[in-house]
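data.cif (mmCIF, C-alpha atoms and all ligand atoms)
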```
data_final
loop_
_atom_site.label_atom_id
_atom_site.label_comp_id
_atom_site.auth_asym_id
_atom_site.auth_seq_id
_atom_site.Cartn_x
_atom_site.Cartn_y
_atom_site.Cartn_z
CA MET A 1 -111.44 97.80 91.64
CA LYS A 2 -109.08 98.11 88.65
CA LYS A 3 -106.56 99.94 90.79
CA SER A 4 -106.36 97.21 93.42
CA TYR A 5 -105.98 94.57 90.65
CA PHE A 6 -102.87 96.38 89.39
CA THR A 7 -101.55 96.77 92.94
CA VAL A 8 -101.79 92.99 93.45
CA LEU A 9 -100.10 92.34 90.08
CA SER A 10 -97.21 94.72 90.79
CA LEU A 11 -96.84 93.14 94.23
CA ILE A 12 -96.53 89.68 92.62
CA PHE A 13 -93.95 90.96 90.10
CA GLY A 14 -92.08 92.61 92.95
CA LEU A 15 -91.96 89.37 94.89
CA ILE A 16 -90.76 87.43 91.80
CA LEU A 17 -87.98 90.02 91.28
CA ILE A 18 -86.86 89.81 94.93
CA SER A 19 -86.82 86.00 94.74
CA CYS A 20 -84.75 86.07 91.49
CA ASN A 21 -82.28 88.49 93.05
CA LYS A 22 -82.01 86.27 96.10
CA GLN A 23 -81.28 83.19 93.95
CA GLU A 24 -78.62 85.13 92.01
CA LYS A 25 -77.01 86.21 95.28
CA VAL A 26 -76.97 82.61 96.59
CA ALA A 27 -75.32 81.42 93.34
CA GLU A 28 -72.82 84.29 93.50
CA ASN A 29 -71.94 83.48 97.11
CA ALA A 30 -71.48 79.78 96.28
CA GLU A 31 -69.13 80.72 93.45
CA ILE A 32 -67.08 83.01 95.72
CA GLN A 33 -66.89 80.27 98.35
CA ASP A 34 -65.84 77.71 95.72
CA THR A 35 -63.05 80.03 94.52
CA MET A 36 -61.93 80.71 98.09
CA GLN A 37 -61.76 77.01 98.90
CA SER A 38 -59.72 76.24 95.80
CA VAL A 39 -57.26 79.04 96.61
CA GLU A 40 -56.13 77.19 99.75
CA LYS A 41 -52.88 75.56 98.69
CA VAL A 42 -52.44 71.90 99.54
CA GLU A 43 -49.22 70.62 101.07
CA ILE A 44 -47.63 67.99 98.88
CA LEU A 45 -45.80 65.32 100.86
CA THR A 46 -46.22 62.16 98.78
CA PRO A 47 -46.23 61.13 95.09
CA GLU A 48 -50.00 60.57 95.44
CA ASP A 49 -50.46 64.17 96.66
CA ALA A 50 -48.48 65.39 93.64
CA ILE A 51 -50.61 63.42 91.14
CA ALA A 52 -53.79 64.67 92.84
CA GLU A 53 -52.60 68.29 92.61
CA LEU A 54 -51.67 67.96 88.93
CA LYS A 55 -55.08 66.41 88.16
CA ALA A 56 -56.80 69.20 90.13
CA GLY A 57 -54.65 71.79 88.35
CA ASN A 58 -55.63 70.47 84.92
CA ARG A 59 -59.31 70.58 85.98
CA ARG A 60 -58.84 74.22 87.11
CA PHE A 61 -57.21 74.98 83.73
CA LEU A 62 -60.09 73.35 81.81
CA SER A 63 -62.77 75.16 83.83
CA GLU A 64 -60.90 78.49 83.72
CA LYS A 65 -60.63 78.62 87.52
CA MET A 66 -56.86 78.88 87.72
CA ILE A 67 -55.38 79.94 91.06
CA ASN A 68 -51.65 80.17 90.27
CA THR A 69 -51.73 83.14 87.95
CA ASN A 70 -50.66 85.86 90.39
CA TYR A 71 -47.06 85.90 89.17
CA SER A 72 -45.87 88.80 91.32
CA GLU A 73 -47.14 86.87 94.38
CA ASN A 74 -45.44 83.70 93.03
CA ILE A 75 -42.15 85.60 92.67
CA GLU A 76 -42.43 86.96 96.23
CA GLU A 77 -43.14 83.46 97.62
CA THR A 78 -40.23 81.79 95.80
CA LYS A 79 -37.52 84.43 95.92
CA SER A 80 -35.61 82.69 98.72
CA GLY A 81 -35.89 79.14 97.37
CA GLN A 82 -37.86 76.58 95.41
CA LYS A 83 -39.51 73.30 96.31
CA PRO A 84 -41.18 72.00 93.14
CA HIS A 85 -43.31 68.94 93.89
CA SER A 86 -43.08 67.41 90.39
CA ILE A 87 -41.02 67.23 87.24
CA ILE A 88 -42.82 67.20 83.92
CA LEU A 89 -40.74 65.81 81.05
CA SER A 90 -42.72 66.98 78.06
CA CYS A 91 -42.44 67.98 74.43
CA MET A 92 -41.14 71.44 73.41
CA ASP A 93 -44.36 71.91 71.39
CA SER A 94 -45.57 75.48 72.03
CA ARG A 95 -49.09 74.19 72.66
CA VAL A 96 -47.99 72.07 75.64
CA PRO A 97 -46.77 74.46 78.39
CA PRO A 98 -46.78 72.36 81.63
CA GLU A 99 -46.97 75.35 84.02
CA ILE A 100 -50.18 76.53 82.35
CA ILE A 101 -52.02 73.28 81.57
CA PHE A 102 -51.49 72.07 85.17
CA ASP A 103 -52.12 75.57 86.64
CA GLN A 104 -48.82 75.53 88.56
CA GLY A 105 -47.57 79.09 88.02
CA ILE A 106 -44.00 79.84 89.14
CA GLY A 107 -42.03 77.58 91.50
CA ASN A 108 -44.26 74.49 91.72
CA ILE A 109 -42.92 72.22 88.97
CA PHE A 110 -39.74 71.59 86.99
CA ALA A 111 -40.55 71.63 83.27
CA VAL A 112 -37.96 69.63 81.31
CA ARG A 113 -38.64 69.78 77.60
CA ASN A 114 -37.32 68.68 74.22
CA ALA A 115 -38.77 67.51 70.91
CA GLY A 116 -40.65 64.26 71.56
CA ASN A 117 -40.11 64.17 75.37
CA ILE A 118 -37.25 61.68 75.24
CA GLU A 119 -34.49 61.12 77.78
CA ASP A 120 -30.73 61.42 77.44
CA GLU A 121 -27.87 61.87 79.92
CA ASN A 122 -28.58 65.58 80.37
CA ILE A 123 -32.25 64.89 81.06
CA LEU A 124 -31.36 62.06 83.47
CA GLY A 125 -29.01 64.37 85.35
CA SER A 126 -31.74 67.02 85.57
CA LEU A 127 -34.29 64.48 86.84
CA GLU A 128 -31.85 63.12 89.43
CA TYR A 129 -31.17 66.67 90.70
CA ALA A 130 -34.91 67.26 91.03
CA VAL A 131 -35.76 64.10 92.99
CA ASP A 132 -32.57 63.64 94.99
CA HIS A 133 -31.64 67.23 95.79
CA ALA A 134 -34.75 69.38 95.36
CA GLY A 135 -37.12 66.80 96.89
CA SER A 136 -39.60 66.45 94.04
CA LYS A 137 -42.03 63.57 94.57
CA LEU A 138 -43.20 62.79 91.06
CA ILE A 139 -41.81 62.45 87.53
CA VAL A 140 -44.38 62.74 84.74
CA VAL A 141 -43.37 61.80 81.20
CA MET A 142 -45.99 63.48 79.04
CA GLY A 143 -46.61 62.92 75.34
CA HIS A 144 -49.26 64.75 73.34
CA SER A 145 -51.55 64.45 70.35
CA HIS A 146 -50.37 65.76 66.94
CA CYS A 147 -46.72 65.52 68.05
CA GLY A 148 -44.42 66.78 65.27
CA ALA A 149 -41.39 64.85 66.56
CA VAL A 150 -43.26 61.55 66.63
CA THR A 151 -44.78 62.30 63.21
CA GLY A 152 -41.24 62.97 61.92
CA ALA A 153 -40.02 59.65 63.31
CA VAL A 154 -42.95 57.75 61.78
CA HIS A 155 -42.34 59.43 58.38
CA ASP A 156 -38.57 58.79 58.63
CA VAL A 157 -37.60 62.49 58.39
CA LYS A 158 -33.87 63.18 58.17
CA MET A 159 -32.49 66.60 59.16
CA GLY A 160 -29.18 67.50 60.77
CA ASN A 161 -29.02 66.63 64.46
CA LEU A 162 -32.76 65.92 64.48
CA THR A 163 -32.09 62.58 62.71
CA GLN A 164 -30.48 61.02 65.81
CA LEU A 165 -33.24 62.42 68.04
CA LEU A 166 -35.97 60.88 65.87
CA ALA A 167 -34.02 57.58 65.81
CA GLN A 168 -34.59 57.38 69.57
CA ILE A 169 -38.37 57.51 69.04
CA LYS A 170 -38.41 54.91 66.23
CA PRO A 171 -38.40 51.76 68.46
CA ALA A 172 -41.82 52.98 69.72
CA ILE A 173 -43.34 52.60 66.23
CA LYS A 174 -45.29 49.32 66.37
CA SER A 175 -47.51 49.66 63.30
CA ASP A 176 -47.22 51.18 59.83
CA LEU A 177 -48.68 54.24 58.10
CA ASN A 178 -51.81 52.25 57.14
CA ASN A 179 -52.90 52.48 60.76
CA PRO A 180 -54.69 55.86 61.11
CA ASP A 181 -53.82 55.88 64.82
CA VAL A 182 -50.10 55.21 64.28
CA ILE A 183 -49.02 58.67 65.58
CA ASN A 184 -51.00 58.59 68.86
CA GLU A 185 -50.12 54.93 69.38
CA THR A 186 -46.40 55.76 68.93
CA VAL A 187 -46.70 58.77 71.28
CA LYS A 188 -48.03 56.50 74.04
CA ASN A 189 -45.51 53.69 73.32
CA SER A 190 -42.71 56.25 73.40
CA VAL A 191 -43.83 57.55 76.82
CA ILE A 192 -43.76 54.00 78.22
CA MET A 193 -40.34 53.32 76.66
CA THR A 194 -38.93 56.60 78.03
CA ILE A 195 -40.10 55.64 81.54
CA GLU A 196 -38.44 52.22 81.16
CA ASP A 197 -35.23 53.86 79.92
CA ILE A 198 -35.18 56.32 82.84
CA LEU A 199 -35.61 53.48 85.34
CA SER A 200 -32.95 51.29 83.73
CA LYS A 201 -30.38 54.07 83.26
CA SER A 202 -30.76 55.92 86.58
CA ALA A 203 -29.95 53.97 89.75
CA ILE A 204 -30.89 57.03 91.85
CA ILE A 205 -34.38 57.27 90.36
CA SER A 206 -35.13 53.53 90.27
CA GLU A 207 -34.08 53.18 93.93
CA LEU A 208 -36.33 56.07 95.03
CA VAL A 209 -39.23 54.58 93.03
CA HIS A 210 -38.56 51.14 94.56
CA GLU A 211 -38.64 52.71 98.05
CA LYS A 212 -41.92 54.43 97.08
CA LYS A 213 -40.42 57.82 97.98
CA ILE A 214 -41.16 59.05 94.47
CA ALA A 215 -43.28 57.84 91.56
CA ILE A 216 -42.88 58.00 87.78
CA VAL A 217 -45.99 58.02 85.58
CA GLY A 218 -46.91 58.58 81.96
CA ALA A 219 -49.43 61.13 80.72
CA TYR A 220 -51.03 62.12 77.43
CA TYR A 221 -52.09 65.68 76.61
CA ASP A 222 -54.81 66.28 74.05
CA ILE A 223 -54.04 69.58 72.31
CA GLU A 224 -57.59 69.71 70.95
CA THR A 225 -59.28 69.68 74.37
CA GLY A 226 -56.60 70.74 76.87
CA GLU A 227 -57.17 67.57 78.87
CA VAL A 228 -54.39 65.49 80.43
CA GLN A 229 -54.92 61.75 80.85
CA PHE A 230 -52.62 59.96 83.27
CA MET A 231 -51.45 56.52 82.16
CA GLU A 232 -51.49 54.89 85.60
ZN ZN B 1 -44.41 67.03 70.35
#
```

Represent the structure of the file as structure tokens.
Ligand SMILES: [Zn+2]
Amino acid sequence: MKKSYFTVLSLIFGLILISCNKQEKVAENAEIQDTMQSVEKVEILTPEDAIAELKAGNRRFLSEKMINTNYSENIEETKSGQKPHSIILSCMDSRVPPEIIFDQGIGNIFAVRNAGNIEDENILGSLEYAVDHAGSKLIVVMGHSHCGAVTGAVHDVKMGNLTQLLAQIKPAIKSDLNNPDVINETVKNSVIMTIEDILSKSAIISELVHEKKIAIVGAYYDIETGEVQFME
């Protein structure tokens, strides 16, 4: 009697174990399928496609499901030419690497960087090359939280050639140091002003934007979370 009781018990435990294993396998398979689907690279033909890919790339970065990290494969794919879909004008801050935070690896984006993500003639020339010659569909001007350049401008720092750079950010300061959000507010104002400057100083870019062949958008990167917000 006792023996058969134990047999039934071990049978039940056995069944529970099989069922758990089965559930684990299903979850594992779903994960593999999810990864395989995300590996399929999308063709980027429009500015909207480019924004969607950058948003998806930032989500992949945040969830640690990056797909563009096989650099030897990237090198092989791009050795005979490049066709970057977007240009990211961003700050030189070491915590804001566009290729990583948008999961774009090698060959998918132009990263144009300086302190405070501002424009000048050299930047305009680089952007014009990207959209008019290389066929990029999107320009993103991206500011970020805790930006040292913007903080320097707000605190009126003077230092060598940096002084004239910070002077270019100063028109974006709309409130004083009493406002605890003055830095982030200035970062966002500066992004908007940089976009306006690019459009007013570059006939090539403004025409392409007008014809809807390319788009220019602002973005804000939070260095505390890794999340990019597009200012559309
Ligand atoms: Zn910065």

Need to verify the contact set: Thr225 of chain A, 12 Å, all atoms listed in the file, exclusion of same-chain residues closer than 2 positions in sequence. Can you return it as a PyMOL selection string? chain A and resi 58-59+61-63+95-96+101+144-145+220-223+227-229

Mind listing the residues within 9 Å of ligand ZN 1 (chain B), only C-alpha atoms and all ligand atoms counted, as JSON, numbers by chain? {"A": [90, 91, 92, 93, 94, 95, 96, 114, 115, 116, 117, 143, 144, 145, 146, 147, 148, 149, 150, 151, 187]}

Shell around Lys188 of chain A at 9 Å using only C-alpha atoms, local window under 4 positions removed, as JSON, numbers by chain: {"A": [142, 143, 144, 172, 183, 184, 192, 193, 218, 219, 220, 231]}

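Atom to atom, atom CA of Gly105 of chain A and atom CA of Tyr71 of chain A stand 6.9 Å apart.
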
What does the structure give for the distance between atom CA of Asn74 of chain A and atom CA of Ile106 of chain A, in Å to one decimal? 5.7 Å

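Atom CA of Asp156 of chain A is found 16.7 Å from atom CA of Asp181 of chain A.
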
At most 9 Å from (-40.0, 73.1, 88.9), file frame, all atoms listed in the file: which residues, as number ranges by chain? A: 82-88, 99, 106-112, 130, 136

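For the set A:Gln104, A:Val217, A:Glu53, A:Asn122, the residue with the smallest atom-to-atom gap to Glu196 of chain A is A:Val217, counting only C-alpha atoms.
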
Determine the nearest neighbour of Asp49 of chain A from the options A:Asn178, A:Leu138, A:Ile216, A:Met159, counting only C-alpha atoms. A:Leu138

In terms of only C-alpha atoms, the residue from A:Ile139, A:Ala134, A:Leu54, A:Ile75 at minimal distance from Ile100 of chain A is A:Leu54
